[in-house]
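Colleague: Next up, input.cif (mmCIF, C-alpha atoms).
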```cif
data_target
#
loop_
_atom_site.label_atom_id
_atom_site.label_comp_id
_atom_site.auth_asym_id
_atom_site.auth_seq_id
_atom_site.Cartn_x
_atom_site.Cartn_y
_atom_site.Cartn_z
CA MET A 1 31.94 9.98 -4.75
CA ALA A 2 29.18 11.61 -6.76
CA ASP A 3 25.73 10.12 -6.50
CA GLU A 4 24.29 8.78 -9.71
CA VAL A 5 20.54 9.27 -9.78
CA LYS A 6 18.31 8.29 -12.67
CA LEU A 7 14.55 8.30 -12.95
CA HIS A 8 12.88 6.13 -15.56
CA GLY A 9 9.53 7.56 -16.45
CA VAL A 10 7.08 9.23 -18.80
CA THR A 11 6.24 12.91 -18.42
CA GLY A 12 2.48 12.39 -18.48
CA SER A 13 2.28 10.01 -15.53
CA PRO A 14 1.03 11.32 -12.18
CA TYR A 15 2.97 8.54 -10.46
CA VAL A 16 6.23 9.58 -12.12
CA CYS A 17 5.41 13.18 -11.21
CA ARG A 18 5.39 12.24 -7.50
CA ALA A 19 9.00 11.12 -7.79
CA VAL A 20 9.96 14.21 -9.79
CA ILE A 21 8.44 16.50 -7.15
CA ALA A 22 10.32 14.70 -4.38
CA LEU A 23 13.61 14.97 -6.29
CA ASN A 24 13.03 18.67 -6.99
CA LEU A 25 11.99 19.35 -3.40
CA LYS A 26 15.32 17.96 -2.24
CA GLU A 27 17.19 19.69 -5.11
CA ILE A 28 18.68 16.41 -6.25
CA LYS A 29 20.45 16.33 -9.59
CA TYR A 30 19.20 13.44 -11.64
CA GLU A 31 18.90 12.15 -15.18
CA PHE A 32 15.39 11.62 -16.52
CA VAL A 33 15.27 8.53 -18.72
CA ALA A 34 12.19 8.89 -20.92
CA GLU A 35 10.54 5.53 -21.54
CA ASP A 36 8.29 4.52 -24.39
CA LEU A 37 5.70 2.33 -22.65
CA SER A 38 4.87 0.55 -25.89
CA ASN A 39 8.55 -0.33 -26.25
CA LYS A 40 10.06 -0.57 -22.79
CA SER A 41 13.80 -0.32 -22.46
CA ALA A 42 15.90 -3.32 -21.47
CA ASP A 43 16.98 -1.34 -18.42
CA LEU A 44 13.40 -0.79 -17.26
CA LEU A 45 12.63 -4.49 -17.56
CA LYS A 46 15.82 -5.27 -15.69
CA TYR A 47 15.17 -2.71 -12.93
CA ASN A 48 11.47 -3.48 -12.45
CA PRO A 49 10.93 -7.10 -13.48
CA VAL A 50 7.96 -7.50 -11.13
CA TYR A 51 5.69 -4.81 -12.57
CA LYS A 52 7.64 -3.51 -15.63
CA LYS A 53 6.26 -0.04 -14.87
CA VAL A 54 7.42 3.51 -14.31
CA PRO A 55 8.56 5.29 -12.23
CA VAL A 56 11.77 3.51 -11.30
CA LEU A 57 14.46 5.40 -9.40
CA VAL A 58 17.96 4.07 -9.90
CA HIS A 59 20.40 5.28 -7.25
CA ASN A 60 24.01 4.28 -7.84
CA GLY A 61 22.75 1.33 -9.86
CA ASN A 62 20.19 0.24 -7.24
CA PRO A 63 16.58 0.30 -8.49
CA ILE A 64 13.55 1.28 -6.43
CA SER A 65 10.01 0.87 -7.77
CA GLU A 66 6.53 2.03 -6.71
CA SER A 67 6.10 5.80 -6.46
CA LEU A 68 5.30 6.03 -2.74
CA VAL A 69 8.21 3.72 -1.87
CA ILE A 70 10.44 5.93 -4.04
CA VAL A 71 9.27 9.12 -2.31
CA GLU A 72 9.94 7.65 1.16
CA TYR A 73 13.36 6.45 0.00
CA ILE A 74 14.24 9.92 -1.30
CA ASP A 75 13.18 11.41 2.04
CA GLU A 76 15.32 8.97 4.02
CA VAL A 77 18.47 9.28 1.92
CA TRP A 78 18.57 13.01 1.23
CA LYS A 79 18.25 15.55 4.04
CA GLY A 80 16.88 19.01 3.34
CA VAL A 81 13.18 19.72 3.03
CA PRO A 82 11.35 16.95 4.97
CA ILE A 83 8.67 14.99 3.11
CA LEU A 84 7.44 12.75 5.95
CA PRO A 85 6.72 13.94 9.50
CA GLN A 86 9.20 13.00 12.23
CA ASP A 87 6.62 11.93 14.78
CA ALA A 88 5.68 8.23 14.48
CA TYR A 89 1.94 8.87 14.78
CA GLU A 90 1.94 11.74 12.27
CA LYS A 91 4.03 9.57 9.94
CA ALA A 92 1.44 6.78 10.18
CA GLN A 93 -1.32 9.26 9.38
CA ALA A 94 0.61 10.57 6.34
CA ARG A 95 1.18 7.03 5.07
CA PHE A 96 -2.51 6.25 5.62
CA TRP A 97 -3.67 9.14 3.45
CA ALA A 98 -1.06 8.47 0.76
CA LYS A 99 -2.33 4.87 0.57
CA PHE A 100 -5.90 6.15 0.49
CA MET A 101 -5.04 8.12 -2.66
CA ASP A 102 -3.93 4.96 -4.42
CA ASP A 103 -6.45 2.50 -2.99
CA LYS A 104 -9.62 4.60 -3.13
CA CYS A 105 -9.21 8.00 -4.70
CA PHE A 106 -7.32 7.17 -7.86
CA PRO A 107 -9.48 4.19 -8.92
CA ALA A 108 -12.65 6.24 -8.29
CA VAL A 109 -11.35 9.16 -10.34
CA PHE A 110 -10.25 6.81 -13.12
CA LYS A 111 -13.71 5.27 -13.29
CA ALA A 112 -15.35 8.69 -13.35
CA VAL A 113 -13.05 9.86 -16.16
CA SER A 114 -13.21 6.72 -18.29
CA SER A 115 -17.02 6.64 -18.01
CA HIS A 116 -17.19 10.27 -19.11
CA GLY A 117 -18.67 11.44 -15.85
CA GLU A 118 -21.28 8.72 -15.37
CA GLU A 119 -23.34 9.57 -12.32
CA GLN A 120 -22.52 6.66 -10.05
CA ALA A 121 -18.81 6.81 -10.87
CA VAL A 122 -18.70 10.53 -10.11
CA GLY A 123 -20.59 9.85 -6.89
CA GLU A 124 -17.87 7.43 -5.80
CA ALA A 125 -15.16 9.94 -6.71
CA HIS A 126 -17.00 12.54 -4.63
CA GLU A 127 -17.09 10.14 -1.66
CA ALA A 128 -13.32 9.87 -1.86
CA PHE A 129 -12.93 13.64 -2.27
CA GLN A 130 -15.16 14.22 0.74
CA PHE A 131 -12.70 12.40 3.01
CA LEU A 132 -9.94 14.68 1.71
CA GLU A 133 -12.13 17.77 2.11
CA ASN A 134 -12.87 16.78 5.73
CA GLU A 135 -9.21 16.14 6.43
CA LEU A 136 -8.28 19.63 5.21
CA LYS A 137 -11.12 21.13 7.25
CA VAL A 138 -10.00 19.34 10.41
CA LYS A 139 -6.36 20.29 9.86
CA GLY A 140 -7.28 23.89 9.06
CA SER A 141 -4.02 24.31 7.17
CA LYS A 142 -2.93 25.26 3.69
CA TYR A 143 -1.67 21.78 2.82
CA PHE A 144 -2.20 18.23 4.05
CA GLY A 145 1.31 18.61 5.44
CA GLY A 146 0.49 21.83 7.31
CA ASP A 147 2.32 24.99 6.21
CA ASN A 148 4.47 22.97 3.84
CA ILE A 149 3.68 20.14 1.45
CA ASN A 150 4.36 16.58 2.57
CA LEU A 151 3.89 13.01 1.40
CA VAL A 152 0.11 13.34 1.34
CA ASP A 153 0.11 16.44 -0.85
CA ILE A 154 2.59 14.80 -3.22
CA SER A 155 0.51 11.63 -3.41
CA ALA A 156 -2.54 13.77 -4.31
CA THR A 157 -0.85 15.51 -7.25
CA PHE A 158 -3.24 13.84 -9.68
CA VAL A 159 -6.19 15.47 -7.88
CA ALA A 160 -4.63 18.92 -8.12
CA PHE A 161 -3.59 18.72 -11.76
CA TRP A 162 -4.77 15.69 -13.69
CA VAL A 163 -8.42 15.99 -12.59
CA GLY A 164 -8.71 19.55 -13.93
CA ALA A 165 -7.13 18.54 -17.21
CA ALA A 166 -9.59 15.63 -17.55
CA GLU A 167 -12.49 17.97 -16.82
CA GLU A 168 -11.39 20.31 -19.59
CA ALA A 169 -10.65 17.52 -22.07
CA LEU A 170 -13.95 15.72 -21.67
CA GLY A 171 -16.25 18.57 -20.71
CA ILE A 172 -17.23 16.97 -17.42
CA GLU A 173 -17.22 18.21 -13.84
CA LEU A 174 -15.44 16.08 -11.31
CA LEU A 175 -14.38 18.45 -8.55
CA PRO A 176 -17.02 21.18 -8.12
CA LYS A 177 -15.73 24.18 -6.16
CA ASP A 178 -18.95 24.71 -4.24
CA LYS A 179 -18.97 21.15 -2.96
CA PHE A 180 -15.24 20.95 -2.26
CA PRO A 181 -14.05 24.46 -1.41
CA LYS A 182 -11.08 23.36 0.70
CA LEU A 183 -9.87 20.79 -1.81
CA THR A 184 -10.19 23.30 -4.64
CA GLU A 185 -8.25 25.91 -2.67
CA TRP A 186 -5.62 23.29 -1.82
CA SER A 187 -5.29 22.38 -5.52
CA ASP A 188 -4.68 26.00 -6.49
CA ASN A 189 -2.07 26.47 -3.76
CA TYR A 190 -0.39 23.16 -4.42
CA VAL A 191 0.20 23.58 -8.17
CA ASN A 192 1.79 26.97 -7.41
CA CYS A 193 4.46 25.56 -5.07
CA GLN A 194 7.82 26.02 -6.72
CA ALA A 195 8.91 22.39 -6.58
CA VAL A 196 5.54 21.29 -7.92
CA LYS A 197 5.48 23.94 -10.66
CA ASP A 198 8.93 22.80 -11.75
CA SER A 199 7.75 19.20 -11.94
CA LEU A 200 4.35 19.30 -13.63
CA PRO A 201 4.11 18.50 -17.33
CA PRO A 202 2.56 21.11 -19.66
CA ARG A 203 -1.19 21.16 -19.04
CA GLU A 204 -2.07 21.08 -22.72
CA ASN A 205 -0.22 17.77 -23.06
CA ILE A 206 -2.36 16.19 -20.36
CA VAL A 207 -5.56 17.63 -21.80
CA ALA A 208 -4.56 16.25 -25.21
CA PHE A 209 -3.80 12.87 -23.64
CA PHE A 210 -7.23 12.66 -22.02
CA LYS A 211 -8.95 13.73 -25.24
CA LYS A 212 -7.10 11.05 -27.18
CA ARG A 213 -7.53 8.28 -24.63
CA PHE A 214 -11.07 8.89 -23.47
CA GLY A 215 -12.57 11.43 -25.83
CA LYS A 216 -15.61 10.54 -27.88
CA ALA A 217 -14.77 10.15 -31.56
CA MET B 1 2.10 1.45 30.98
CA ASP B 2 1.37 2.21 27.38
CA ASP B 3 -2.31 2.04 26.63
CA VAL B 4 -2.59 -0.24 23.58
CA ILE B 5 -5.78 -1.72 22.19
CA LEU B 6 -6.08 -3.86 19.07
CA LEU B 7 -9.39 -4.11 17.23
CA ASP B 8 -9.21 -7.36 15.30
CA PHE B 9 -11.07 -10.35 13.85
CA TRP B 10 -9.32 -13.65 14.49
CA VAL B 11 -9.45 -14.88 10.90
CA SER B 12 -7.93 -11.77 9.34
CA VAL B 13 -4.43 -12.10 7.88
CA PHE B 14 -4.10 -8.34 8.29
CA GLY B 15 -4.87 -8.50 12.00
CA GLN B 16 -2.39 -11.35 12.36
CA ARG B 17 0.37 -9.16 10.92
CA VAL B 18 -0.19 -6.70 13.74
CA ARG B 19 -0.31 -9.43 16.39
CA ILE B 20 3.02 -10.77 15.15
CA ALA B 21 4.62 -7.30 15.30
CA LEU B 22 3.29 -6.66 18.82
CA ALA B 23 4.50 -10.07 19.96
CA GLU B 24 7.95 -9.57 18.40
CA LYS B 25 8.26 -6.36 20.40
CA GLY B 26 6.80 -7.83 23.58
CA VAL B 27 4.11 -5.14 23.73
CA HIS B 28 1.23 -5.77 26.13
CA TYR B 29 -2.11 -4.90 24.65
CA GLU B 30 -5.81 -5.42 25.07
CA ASN B 31 -7.34 -7.44 22.25
CA ARG B 32 -10.92 -6.64 21.28
CA GLU B 33 -12.54 -9.04 18.88
CA GLU B 34 -14.75 -7.43 16.24
CA ASN B 35 -17.55 -9.09 14.34
CA PRO B 36 -17.49 -7.86 10.73
CA GLN B 37 -21.27 -8.35 10.52
CA ASN B 38 -21.83 -6.17 13.55
CA LYS B 39 -19.13 -3.53 13.87
CA THR B 40 -18.77 -1.71 17.16
CA PRO B 41 -19.21 2.05 17.43
CA LEU B 42 -15.56 2.18 18.53
CA LEU B 43 -14.38 0.64 15.26
CA LEU B 44 -16.52 3.00 13.20
CA GLU B 45 -15.17 5.93 15.20
CA MET B 46 -11.54 4.83 14.98
CA ASN B 47 -11.58 3.89 11.29
CA PRO B 48 -14.30 5.99 9.69
CA VAL B 49 -12.69 5.84 6.24
CA HIS B 50 -12.53 2.07 5.77
CA LYS B 51 -14.48 0.76 8.78
CA LYS B 52 -12.13 -2.24 8.86
CA ILE B 53 -9.87 -4.07 11.23
CA PRO B 54 -7.12 -4.13 12.27
CA VAL B 55 -6.98 -0.84 14.13
CA LEU B 56 -4.29 -0.18 16.70
CA ILE B 57 -5.39 2.34 19.29
CA HIS B 58 -2.38 3.74 21.11
CA GLN B 59 -3.03 6.22 23.90
CA GLY B 60 -6.47 6.80 22.44
CA LYS B 61 -5.26 7.53 18.90
CA PRO B 62 -5.99 5.12 16.02
CA VAL B 63 -3.53 3.75 13.47
CA CYS B 64 -5.05 1.89 10.51
CA GLU B 65 -3.80 -0.30 7.63
CA SER B 66 -1.78 -3.32 8.73
CA ASN B 67 1.56 -2.59 6.98
CA ILE B 68 1.39 0.98 8.29
CA ILE B 69 0.60 -0.28 11.81
CA VAL B 70 3.59 -2.66 11.71
CA GLN B 71 5.92 0.21 10.78
CA TYR B 72 4.38 2.35 13.52
CA ILE B 73 4.97 -0.41 16.07
CA ASP B 74 8.57 -0.71 14.91
CA GLU B 75 9.14 3.04 15.25
CA VAL B 76 7.48 3.47 18.65
CA TRP B 77 8.83 0.38 20.42
CA HIS B 78 12.42 0.72 19.43
CA ASP B 79 15.02 -0.45 21.93
CA ASP B 80 17.92 -2.86 22.28
CA LYS B 81 15.73 -5.58 23.78
CA SER B 82 13.42 -6.15 20.85
CA PRO B 83 14.28 -6.81 17.20
CA SER B 84 13.90 -4.19 14.48
CA LEU B 85 11.17 -5.02 12.02
CA LEU B 86 12.73 -2.95 9.26
CA PRO B 87 16.38 -2.89 8.13
CA SER B 88 18.43 0.18 8.98
CA ASP B 89 19.73 0.62 5.43
CA PRO B 90 17.41 2.90 3.38
CA TYR B 91 17.67 0.78 0.22
CA LEU B 92 16.71 -2.40 2.10
CA ARG B 93 13.92 -0.48 3.83
CA ALA B 94 12.59 0.44 0.40
CA GLN B 95 12.77 -3.24 -0.61
CA ALA B 96 10.87 -4.23 2.55
CA ARG B 97 8.11 -1.73 1.78
CA PHE B 98 8.00 -2.80 -1.87
CA TRP B 99 7.54 -6.48 -1.02
CA ALA B 100 5.02 -5.85 1.76
CA ASP B 101 3.02 -3.86 -0.80
CA PHE B 102 3.47 -6.69 -3.37
CA VAL B 103 1.88 -9.12 -0.93
CA ASP B 104 -1.14 -6.80 -0.67
CA LYS B 105 -1.41 -6.24 -4.41
CA LYS B 106 -0.75 -9.77 -5.65
CA VAL B 107 -0.96 -12.46 -2.97
CA TYR B 108 -4.17 -11.19 -1.42
CA GLU B 109 -5.89 -10.83 -4.80
CA ALA B 110 -4.77 -14.24 -6.05
CA GLY B 111 -5.70 -15.89 -2.76
CA LYS B 112 -9.09 -14.19 -2.75
CA LYS B 113 -9.81 -15.55 -6.22
CA ILE B 114 -9.29 -19.12 -5.10
CA TRP B 115 -11.44 -18.47 -2.05
CA MET B 116 -14.25 -16.97 -4.12
CA THR B 117 -14.36 -19.15 -7.23
CA GLU B 118 -16.66 -22.07 -7.62
CA GLY B 119 -16.12 -24.60 -10.37
CA GLU B 120 -13.07 -26.75 -10.87
CA GLU B 121 -11.86 -25.05 -14.06
CA ASP B 122 -11.92 -21.54 -12.61
CA ARG B 123 -10.27 -22.82 -9.45
CA GLN B 124 -7.41 -24.29 -11.50
CA VAL B 125 -6.87 -20.94 -13.25
CA ALA B 126 -6.87 -19.15 -9.89
CA LYS B 127 -4.46 -21.73 -8.47
CA LYS B 128 -2.07 -21.23 -11.39
CA GLU B 129 -2.11 -17.45 -10.82
CA LEU B 130 -1.31 -17.89 -7.15
CA ILE B 131 1.57 -20.24 -7.90
CA GLU B 132 3.01 -17.66 -10.32
CA VAL B 133 2.86 -15.01 -7.62
CA LEU B 134 4.48 -17.34 -5.09
CA LYS B 135 7.24 -18.12 -7.60
CA VAL B 136 8.07 -14.40 -7.76
CA LEU B 137 8.43 -14.44 -3.97
CA GLU B 138 10.49 -17.63 -4.21
CA GLY B 139 12.80 -15.73 -6.57
CA GLN B 140 13.07 -12.80 -4.17
CA LEU B 141 13.85 -15.14 -1.28
CA GLY B 142 16.64 -16.91 -3.14
CA GLU B 143 19.19 -18.27 -0.70
CA LYS B 144 18.38 -15.70 1.99
CA PRO B 145 16.75 -16.73 5.25
CA TYR B 146 14.12 -14.02 4.93
CA LEU B 147 12.57 -11.97 2.13
CA VAL B 148 14.65 -8.80 2.56
CA GLY B 149 18.11 -8.70 4.08
CA GLU B 150 19.10 -11.25 6.69
CA SER B 151 16.49 -10.53 9.37
CA PHE B 152 12.81 -11.31 9.84
CA GLY B 153 10.83 -8.17 9.15
CA LEU B 154 8.01 -6.23 7.51
CA ALA B 155 7.89 -8.22 4.25
CA ASP B 156 7.92 -11.58 6.06
CA ILE B 157 5.25 -10.35 8.49
CA ALA B 158 3.12 -9.25 5.54
CA LEU B 159 3.27 -12.69 3.91
CA ILE B 160 3.43 -15.31 6.67
CA PRO B 161 -0.24 -15.17 7.75
CA PHE B 162 -1.23 -16.28 4.22
CA SER B 163 0.70 -19.53 4.73
CA VAL B 164 -2.08 -20.81 7.00
CA TRP B 165 -4.57 -20.26 4.17
CA PHE B 166 -2.33 -22.09 1.67
CA HIS B 167 -2.41 -25.02 4.05
CA ALA B 168 -6.19 -24.78 4.23
CA PHE B 169 -6.43 -24.51 0.42
CA GLY B 170 -4.40 -27.69 0.24
CA LYS B 171 -7.16 -29.36 2.20
CA MET B 172 -9.77 -28.04 -0.19
CA THR B 173 -8.56 -30.73 -2.60
CA MET B 174 -6.63 -28.12 -4.51
CA ASN B 175 -3.72 -30.42 -4.90
CA MET B 176 -1.57 -27.37 -4.45
CA ASN B 177 1.74 -28.55 -3.18
CA ILE B 178 3.71 -25.52 -2.04
CA GLU B 179 6.69 -27.70 -1.06
CA ARG B 180 7.00 -28.95 -4.62
CA GLU B 181 6.30 -25.68 -6.45
CA CYS B 182 8.22 -23.33 -4.13
CA PRO B 183 10.55 -25.32 -1.87
CA LYS B 184 12.49 -22.28 -0.63
CA LEU B 185 9.26 -20.55 0.34
CA ALA B 186 8.09 -23.72 2.12
CA ALA B 187 11.34 -23.75 4.11
CA TRP B 188 10.85 -20.04 4.85
CA VAL B 189 7.38 -20.79 6.23
CA ASN B 190 8.85 -23.33 8.65
CA ARG B 191 11.61 -20.92 9.61
CA CYS B 192 9.09 -18.16 10.40
CA MET B 193 6.85 -20.56 12.32
CA GLU B 194 9.79 -21.36 14.62
CA ARG B 195 9.51 -17.80 15.92
CA GLU B 196 7.27 -17.80 18.96
CA ALA B 197 5.74 -14.45 18.01
CA VAL B 198 4.59 -15.96 14.71
CA SER B 199 3.38 -19.38 15.87
CA LYS B 200 1.36 -17.96 18.74
CA SER B 201 -0.22 -15.26 16.54
CA LEU B 202 -1.52 -17.46 13.75
CA PRO B 203 -4.56 -19.75 13.88
CA HIS B 204 -4.27 -23.42 13.12
CA PRO B 205 -5.02 -24.27 9.45
CA HIS B 206 -7.78 -26.58 10.66
CA LYS B 207 -9.63 -23.61 12.15
CA ILE B 208 -9.36 -21.73 8.84
CA TYR B 209 -10.71 -24.75 7.00
CA GLU B 210 -13.64 -24.96 9.45
CA PHE B 211 -14.32 -21.25 9.01
CA ASP B 212 -14.38 -21.65 5.24
CA GLN B 213 -16.73 -24.62 5.44
CA LYS B 214 -19.11 -22.75 7.77
CA LYS B 215 -19.14 -19.73 5.49
CA LYS B 216 -19.90 -21.85 2.47
CA LYS B 217 -22.82 -23.41 4.29
CA GLY B 218 -24.18 -19.93 4.87
CA HIS B 219 -23.41 -19.70 8.55
CA GLU B 220 -21.32 -16.88 10.00
#
```
When written as structure tokens, how does the structure in this file appear?

Modeller:
Amino acid sequence: MADEVKLHGVTGSPYVCRAVIALNLKEIKYEFVAEDLSNKSADLLKYNPVYKKVPVLVHNGNPISESLVIVEYIDEVWKGVPILPQDAYEKAQARFWAKFMDDKCFPAVFKAVSSHGEEQAVGEAHEAFQFLENELKVKGSKYFGGDNINLVDISATFVAFWVGAAEEALGIELLPKDKFPKLTEWSDNYVNCQAVKDSLPPRENIVAFFKKRFGKA
Amino acid sequence: MDDVILLDFWVSVFGQRVRIALAEKGVHYENREENPQNKTPLLLEMNPVHKKIPVLIHQGKPVCESNIIVQYIDEVWHDDKSPSLLPSDPYLRAQARFWADFVDKKVYEAGKKIWMTEGEEDRQVAKKELIEVLKVLEGQLGEKPYLVGESFGLADIALIPFSVWFHAFGKMTMNMNIERECPKLAAWVNRCMEREAVSKSLPHPHKIYEFDQKKKKGHE
């Protein structure tokens, strides 16, 4: 029986992108259902009644919501390139850093962007980035996952791609290379991974989005 | 013998999740009580990012974040003698993770609001929000014995420690009657409390109420 895999999403969302990367990494054939967030489909509301948000993965009619939950699900169901480590301790560490992205890093970056690079907000974003920089230093590897990308790298997609687009759109500096050499190097490597390259939206679209949403009139 | 240490603070719902998981698995561990006002060097070393409890230290290596610790415990202590804390089916596992995360995102925030607000009007608004959140959980529970699948697990462990606080809130003349608003959830609370691992891991509501009163009077 053929698997039916659908992903409800919008191309500009870094959360949706996580799911897309995971699907592409595993070479899963799926249908992308583009949502209009100002006019959500009946299916989306049916599949994610709790949050009414994207992404939602629908596998043989069964919906899964929350990007990190989706990525873990994809890893458990489809063999092939592993996304989470096998070892229980390493797995816990990967989950920890993925959660850190959502709990600390993303909100700090959002504040820094929406405030147009206000000093304190940028300072908080830098605090979050410093933890990531240290982690890469300690690991001494190309990616958070070692030689290959893993859950942590995927969860940090917005750092690698969306941050740079925001910087360009608003003329602010969020991730200075001299302060975060490892994180900058990681970003460059990460966006050039095939599965990631195949999944990222066009950069000019994201730049345009940031200009429209946060740009000064 | 496995070398297991838990850094905890007795009042913390997050620490209680870990205690429940360890008890369900019959894991022997050394409990070290932390004082949030005076954190030990060990805690700061083991959780430099958040500097918070709970931290599980297993063979010298730290695991942080309660839902992550519970999954770690389930994966490491995995044998026929002790129950699984996550379902074996990947779809149900995803549901378990979703609902455990929902508790963090919604229950904790709504509960915190009630805890923090002064003033009757604001308290009523906060209470209404919490009831709405609990109704979502009531819906998820449905006719099932537990939140996901048929077995007690991650999602139940994530939520059950909050039940002690709801009891304490009831005392705070909140007039919040969980039994009336969410009868299935109330029955679920009793069902969970029948598990020895749960009842011996959670403080009595009276102690929570005392803690709240002391804090309000400016003691710690």

Colleague: Step by step, work through what the PyMOL selection byres ((chain B) within 7 of (chain A)) selects in the shown file, and finish by giving those residues as a PyMOL selection string.

Modeller: chain B and resi 63+65+68+72+75-76+90+94+97-98

Colleague: Please provide the set of residues having any atom within 8 Å of Val18 of chain B, restricted to only C-alpha atoms, with same-chain residues fewer than 5 positions apart removed, written as a list in words.

Modeller: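 In the requested form, the answer reads Pro54, Ser66, Ile69 and Val70 of chain B.
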
Colleague: Please list, as number ranges by chain, the residues that have an atom at most 12 Å away from (-9.4, -4.5, 18.0) in the coordinates of this file, counting all atoms listed in the file.

Modeller: B: 4-10, 12, 14-16, 18-19, 29-36, 39-44, 46-47, 51-58, 62-64

Colleague: Please evaluate the PyMOL selection byres ((chain B and resi 105-110) around 8) against the displayed coordinates and give the resulting residues as a list of chain:residue names.

Modeller: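 Output of the PyMOL selection byres ((chain B and resi 105-110) around 8): B:Asp101, B:Phe102, B:Val103, B:Asp104, B:Gly111, B:Lys112, B:Lys113, B:Ile114, B:Ala126, B:Lys127, B:Glu129, B:Leu130, B:Val133, B:Leu134.
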
Colleague: Take every atom of segment 102-119 of chain B listed in the file, fit an axis-aligned box around them, add 3 Å per side, and give the centre and edge lengths in Å to one decimal as JSON.

Modeller:
```
{"center_x": -6.6, "center_y": -15.4, "center_z": -5.5, "size_x": 26.1, "size_y": 24.4, "size_z": 15.7}
```

Colleague: Name the closest residue to Asn67 of chain B among the candidates B:Val49, B:Arg93, B:Leu141, B:Leu154; distances are taken between atoms, counting only C-alpha atoms.

Modeller: B:Leu154
